[in-house]
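*Asks:* Input file: input_2.pdb. Contents: PDB, C-alpha atoms, pLDDT in the B column.
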```pdb
ATOM      1  CA  MET A  29     115.116 180.180  70.171  1.00 75.00           C
ATOM      2  CA  LYS A  30     114.480 177.890  67.212  1.00 74.00           C
ATOM      3  CA  LYS A  31     110.779 177.788  68.008  1.00 77.00           C
ATOM      4  CA  LEU A  32     110.620 181.585  68.133  1.00 76.00           C
ATOM      5  CA  ALA A  33     112.376 181.979  64.775  1.00 76.00           C
ATOM      6  CA  PHE A  34     110.159 179.315  63.235  1.00 72.00           C
ATOM      7  CA  SER A  35     107.023 180.953  64.655  1.00 73.00           C
ATOM      8  CA  ILE A  36     107.958 184.371  63.279  1.00 74.00           C
ATOM      9  CA  ALA A  37     108.760 182.929  59.836  1.00 71.00           C
ATOM     10  CA  PHE A  38     105.530 180.937  59.858  1.00 67.00           C
ATOM     11  CA  PHE A  39     103.536 184.057  60.826  1.00 64.00           C
ATOM     12  CA  PHE A  40     104.955 186.052  57.911  1.00 64.00           C
ATOM     13  CA  PHE A  41     104.225 183.175  55.527  1.00 62.00           C
ATOM     14  CA  ILE A  42     100.618 182.931  56.705  1.00 63.00           C
ATOM     15  CA  ALA A  43     100.153 186.711  56.648  1.00 54.00           C
ATOM     16  CA  GLN A  44     101.430 186.846  53.064  1.00 54.00           C
ATOM     17  CA  SER A  45      99.308 183.931  51.870  1.00 55.00           C
ATOM     18  CA  PHE A  46      96.033 185.435  53.147  1.00 53.00           C
ATOM     19  CA  SER A  47      96.707 188.977  52.007  1.00 51.00           C
ATOM     20  CA  GLN A  48      95.169 190.550  48.946  1.00 53.00           C
ATOM     21  CA  PRO A  49      97.412 190.724  45.867  1.00 54.00           C
ATOM     22  CA  PRO A  50      98.567 194.164  44.757  1.00 55.00           C
ATOM     23  CA  THR A  51      96.492 195.773  42.014  1.00 56.00           C
ATOM     24  CA  SER A  52      99.474 195.799  39.652  1.00 56.00           C
ATOM     25  CA  SER A  53      99.454 191.991  39.510  1.00 62.00           C
ATOM     26  CA  ILE A  54      95.909 191.835  38.101  1.00 65.00           C
ATOM     27  CA  PRO A  55      96.116 190.990  34.386  1.00 74.00           C
ATOM     28  CA  SER A  56      94.673 193.522  31.982  1.00 74.00           C
ATOM     29  CA  LYS A  57      92.922 193.199  28.644  1.00 78.00           C
ATOM     30  CA  ASP A  58      96.165 193.912  26.767  1.00 83.00           C
ATOM     31  CA  TYR A  59      97.930 191.157  28.716  1.00 86.00           C
ATOM     32  CA  TYR A  60      95.381 188.563  27.608  1.00 87.00           C
ATOM     33  CA  LEU A  61      95.445 189.819  24.009  1.00 89.00           C
ATOM     34  CA  GLN A  62      99.252 189.604  23.872  1.00 92.00           C
ATOM     35  CA  LYS A  63      99.191 186.164  25.443  1.00 93.00           C
ATOM     36  CA  SER A  64      96.583 185.021  22.921  1.00 93.00           C
ATOM     37  CA  LYS A  65      98.641 186.362  20.018  1.00 94.00           C
ATOM     38  CA  LYS A  66     101.834 184.664  21.245  1.00 95.00           C
ATOM     39  CA  GLN A  67     100.039 181.343  21.743  1.00 95.00           C
ATOM     40  CA  LYS A  68      98.498 181.534  18.280  1.00 96.00           C
ATOM     41  CA  THR A  69     101.899 182.283  16.751  1.00 96.00           C
ATOM     42  CA  THR A  70     103.454 179.369  18.657  1.00 96.00           C
ATOM     43  CA  GLY A  71     100.648 177.093  17.495  1.00 96.00           C
ATOM     44  CA  LEU A  72     101.163 178.121  13.877  1.00 97.00           C
ATOM     45  CA  VAL A  73     104.932 177.575  14.113  1.00 97.00           C
ATOM     46  CA  VAL A  74     104.492 174.115  15.665  1.00 96.00           C
ATOM     47  CA  LEU A  75     101.809 173.194  13.100  1.00 96.00           C
ATOM     48  CA  CYS A  76     103.924 174.312  10.114  1.00 96.00           C
ATOM     49  CA  THR A  77     106.987 172.548  11.514  1.00 97.00           C
ATOM     50  CA  GLY A  78     105.023 169.320  11.943  1.00 96.00           C
ATOM     51  CA  LEU A  79     103.588 169.562   8.438  1.00 96.00           C
ATOM     52  CA  GLY A  80     107.067 170.193   7.032  1.00 96.00           C
ATOM     53  CA  ILE A  81     108.478 167.170   8.849  1.00 96.00           C
ATOM     54  CA  ALA A  82     105.548 165.051   7.639  1.00 96.00           C
ATOM     55  CA  LEU A  83     106.105 166.264   4.068  1.00 96.00           C
ATOM     56  CA  ALA A  84     109.818 165.449   4.280  1.00 95.00           C
ATOM     57  CA  GLY A  85     108.969 162.008   5.667  1.00 93.00           C
ATOM     58  CA  GLY A  86     106.525 161.436   2.835  1.00 92.00           C
ATOM     59  CA  ILE A  87     109.159 162.357   0.270  1.00 92.00           C
ATOM     60  CA  VAL A  88     111.694 160.010   1.897  1.00 90.00           C
ATOM     61  CA  TYR A  89     109.030 157.264   1.940  1.00 87.00           C
ATOM     62  CA  ILE A  90     108.291 157.721  -1.781  1.00 86.00           C
ATOM     63  CA  ILE A  91     111.990 157.764  -2.718  1.00 85.00           C
ATOM     64  CA  HIS A  92     112.713 154.577  -0.756  1.00 80.00           C
ATOM     65  CA  GLU A  93     109.595 152.895  -2.171  1.00 76.00           C
ATOM     66  CA  HIS A  94     110.783 153.423  -5.746  1.00 73.00           C
ATOM     67  CA  ASN A  95     114.347 152.315  -4.978  1.00 71.00           C
ATOM     68  CA  SER A  96     113.451 149.122  -3.103  1.00 67.00           C
ATOM     69  CA  ASP A  97     113.421 145.779  -4.900  1.00 67.00           C
ATOM     70  CA  GLY A  98     111.024 143.948  -2.619  1.00 64.00           C
ATOM     71  CA  TRP A  99     109.330 143.790   0.760  1.00 62.00           C
ATOM     72  CA  LEU A 100     112.418 142.549   2.591  1.00 61.00           C
ATOM     73  CA  ASP A 101     114.519 145.398   1.221  1.00 62.00           C
ATOM     74  CA  PHE A 102     111.974 148.106   2.176  1.00 66.00           C
ATOM     75  CA  ASP A 103     112.954 150.835   4.679  1.00 75.00           C
ATOM     76  CA  PHE A 104     110.279 152.394   6.926  1.00 80.00           C
ATOM     77  CA  THR A 105     112.354 155.463   7.834  1.00 86.00           C
ATOM     78  CA  GLY A 106     110.203 157.842   5.770  1.00 88.00           C
ATOM     79  CA  ALA A 107     107.014 156.488   7.312  1.00 88.00           C
ATOM     80  CA  TYR A 108     108.409 156.976  10.816  1.00 92.00           C
ATOM     81  CA  ILE A 109     109.454 160.549  10.008  1.00 93.00           C
ATOM     82  CA  ALA A 110     106.001 161.299   8.543  1.00 93.00           C
ATOM     83  CA  ALA A 111     104.293 159.862  11.646  1.00 94.00           C
ATOM     84  CA  GLY A 112     106.541 161.999  13.876  1.00 95.00           C
ATOM     85  CA  GLY A 113     105.616 165.084  11.850  1.00 95.00           C
ATOM     86  CA  GLY A 114     101.950 164.256  12.307  1.00 95.00           C
ATOM     87  CA  ALA A 115     102.470 163.942  16.066  1.00 96.00           C
ATOM     88  CA  VAL A 116     104.211 167.335  16.152  1.00 95.00           C
ATOM     89  CA  SER A 117     101.288 168.844  14.208  1.00 96.00           C
ATOM     90  CA  LEU A 118      98.836 167.426  16.726  1.00 96.00           C
ATOM     91  CA  ALA A 119     100.885 169.017  19.517  1.00 95.00           C
ATOM     92  CA  SER A 120      99.857 172.457  18.200  1.00 95.00           C
ATOM     93  CA  ILE A 121      96.180 171.938  19.122  1.00 96.00           C
ATOM     94  CA  PRO A 122      96.557 172.926  22.836  1.00 96.00           C
ATOM     95  CA  PHE A 123      98.180 176.224  21.796  1.00 96.00           C
ATOM     96  CA  PHE A 124      95.196 177.132  19.617  1.00 96.00           C
ATOM     97  CA  ILE A 125      92.744 176.173  22.373  1.00 96.00           C
ATOM     98  CA  SER A 126      94.603 178.292  24.961  1.00 95.00           C
ATOM     99  CA  SER A 127      94.770 181.169  22.489  1.00 95.00           C
ATOM    100  CA  SER A 128      91.015 181.204  22.023  1.00 93.00           C
ATOM    101  CA  LYS A 129      90.406 180.989  25.784  1.00 91.00           C
ATOM    102  CA  ASN A 130      92.716 183.955  26.445  1.00 90.00           C
ATOM    103  CA  LYS A 131      91.033 185.932  23.679  1.00 88.00           C
ATOM    104  CA  LYS A 132      87.675 185.333  25.363  1.00 85.00           C
ATOM    105  CA  LYS A 133      89.153 186.405  28.723  1.00 82.00           C
ATOM    106  CA  ALA A 134      90.427 189.625  27.160  1.00 81.00           C
ATOM    107  CA  ALA A 135      86.915 190.374  25.958  1.00 75.00           C
ATOM    108  CA  SER A 136      85.415 189.794  29.389  1.00 74.00           C
ATOM    109  CA  VAL A 137      87.901 191.534  31.743  1.00 65.00           C
ATOM    110  CA  THR A 138      87.473 195.279  32.034  1.00 68.00           C
ATOM    111  CA  LEU A 139      88.780 197.957  34.385  1.00 66.00           C
ATOM    112  CA  ASN A 140      86.082 200.367  35.571  1.00 70.00           C
ATOM    113  CA  LYS A 141      85.460 203.017  38.195  1.00 75.00           C
ATOM    114  CA  THR A 142      82.458 202.109  40.309  1.00 76.00           C
ATOM    115  CA  PRO A 143      80.731 204.389  42.801  1.00 78.00           C
ATOM    116  CA  VAL A 144      80.813 203.001  46.348  1.00 75.00           C
ATOM    117  CA  LEU A 145      78.593 204.396  49.093  1.00 74.00           C
ATOM    118  CA  PHE A 146      80.170 205.243  52.483  1.00 73.00           C
ATOM    119  CA  LEU A 147      78.476 206.295  55.678  1.00 74.00           C
ATOM    120  CA  GLN A 148      79.906 209.424  57.251  1.00 74.00           C
ATOM    121  CA  GLN A 149      78.732 211.781  59.958  1.00 73.00           C
ATOM    122  CA  ASP A 150      76.966 214.033  57.461  1.00 73.00           C
ATOM    123  CA  GLY A 151      75.214 211.160  55.701  1.00 76.00           C
ATOM    124  CA  VAL A 152      75.991 208.925  52.754  1.00 76.00           C
ATOM    125  CA  VAL A 153      78.924 209.815  50.489  1.00 77.00           C
ATOM    126  CA  SER A 154      79.611 208.273  47.105  1.00 77.00           C
ATOM    127  CA  LYS A 155      83.258 207.782  46.115  1.00 78.00           C
ATOM    128  CA  MET A 156      84.609 206.352  42.877  1.00 77.00           C
ATOM    129  CA  HIS A 157      86.894 203.322  43.254  1.00 72.00           C
ATOM    130  CA  PRO A 158      88.697 201.431  40.509  1.00 76.00           C
ATOM    131  CA  THR A 159      87.287 197.930  40.061  1.00 73.00           C
ATOM    132  CA  ILE A 160      87.865 195.018  37.766  1.00 69.00           C
ATOM    133  CA  SER A 161      84.750 193.436  36.370  1.00 67.00           C
ATOM    134  CA  LEU A 162      84.589 189.985  34.859  1.00 64.00           C
ATOM    135  CA  LYS A 163      81.726 189.270  32.512  1.00 65.00           C
ATOM    136  CA  ILE A 164      80.613 185.641  32.759  1.00 61.00           C
ATOM    137  CA  GLY A 165      78.622 184.406  29.803  1.00 55.00           C
ATOM    138  CA  LEU A 166      76.523 181.283  29.899  1.00 44.00           C
TER
END
```
Re-express the file's structure as structure tokens.
*Replies:*
Amino acid sequence: MKKLAFSIAFFFFIAQSFSQPPTSSIPSKDYYLQKSKKQKTTGLVVLCTGLGIALAGGIVYIIHEHNSDGWLDFDFTGAYIAAGGGAVSLASIPFFISSSKNKKKAASVTLNKTPVLFLQQDGVVSKMHPTISLKIGL
């Protein structure tokens, strides 16, 4: 009985994995444009946050530099904060790269209606079918 239940479950898993996805799950041009806009906004927010943290760290560094009496009394807290802000700013680069890639995808994915020829008893019949075309540029 266990083998039968396992076989049926395995069959449905295999049948689902080799089937064609529904047409509603195919991303459209608007999807890629929205995704690009959100990624660009996220990149700008992360970049501005990192620059703000780096600026605050620089200010702390300058204040502690003027208030210290010597090398042994110096505090590196401001320098560490500024370095952390720089690292956060660098973390925004992947968002900008993904944004530009999605913008290029939005320009290349289009939804068209293409005529497809079918053989019937009377001869050849042309029917229009919706298709998604992907323009690949070299």
*Asks:* Just the number, please: distance in Å from atom CA of Thr142 of chain A to atom CA of Ser154 of chain A, one decimal.
*Replies:*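 Here the two named atoms are 9.6 Å from each other.
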*Asks:* Applying the PyMOL selection byres ((chain A and resi 81) around 10) to the file I just gave you, which residues come out? Please list them as a list in words.
*Replies:*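 Matching residues under the PyMOL selection byres ((chain A and resi 81) around 10) are Leu75, Cys76, Thr77, Gly78, Leu79, Gly80, Ala82, Leu83, Ala84, Gly85, Gly86, Ile87, Gly106, Ile109, Ala110, Ala111, Gly112, Gly113, Gly114, Ala115, Val116 and Ser117 of chain A.
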*Asks:* A:Ser35, A:Asn140, A:Thr69, A:Val153: which is nearest Phe123 of chain A, counting all atoms listed in the file?
*Replies:*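 That would be A:Thr69, the residue with the smallest distance to Phe123 of chain A.
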*Asks:* Just to confirm, what's the straight-line distance from atom CA of Pro158 of chain A to atom CA of Gln62 of chain A in Å (one decimal)?
*Replies:* 23.0 Å
*Asks:* Could you jot down the atom CA of Pro122 of chain A to atom CA of Ala135 of chain A separation for me, Å, one decimal place?
*Replies:* 20.2 Å
*Asks:* I need the residue nearest Lys65 of chain A from this list: A:Leu118, A:Tyr89, A:Lys131, A:Leu32. Use all atoms listed in the file for the distance.
*Replies:*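 Ranked by minimum distance to Lys65 of chain A, first place goes to A:Lys131.
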*Asks:* Which residues, named as in the file, does the PyMOL selection byres ((chain A and resi 157) around 8) pick out? Answer as a PyMOL selection string.
*Replies:* chain A and resi 141-144+155-156+158-159
*Asks:* Hey, could you pull the box centre and edge lengths for segment 106-119 of chain A, axis-aligned, 4 Å padding per side, all listed atoms, to one decimal in Å, as lines of an AutoDock Vina configuration file?
*Replies:*
```
center_x = 104.5
center_y = 162.8
center_z = 12.6
size_x = 19.4
size_y = 20.5
size_z = 21.7
```
*Asks:* Between A:Val152, A:Val74, A:Leu147, A:Ile91, which has the minimum distance to Phe124 of chain A (counting all atoms listed in the file)?
*Replies:*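 Under the stated criterion, the closest residue is A:Val74.
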*Asks:* Enumerate, as number ranges by chain, the residues matched when the PyMOL selection byres ((chain A and resi 64) around 7) is run on the file above.
*Replies:* A: 60-63, 65-68, 127-128, 130-131
*Asks:* Which one of A:Leu145, A:Asp58, A:Lys132, A:Leu72 sits closest to Ser120 of chain A if you count all atoms listed in the file?
*Replies:*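 Under the stated criterion, the closest residue is A:Leu72.
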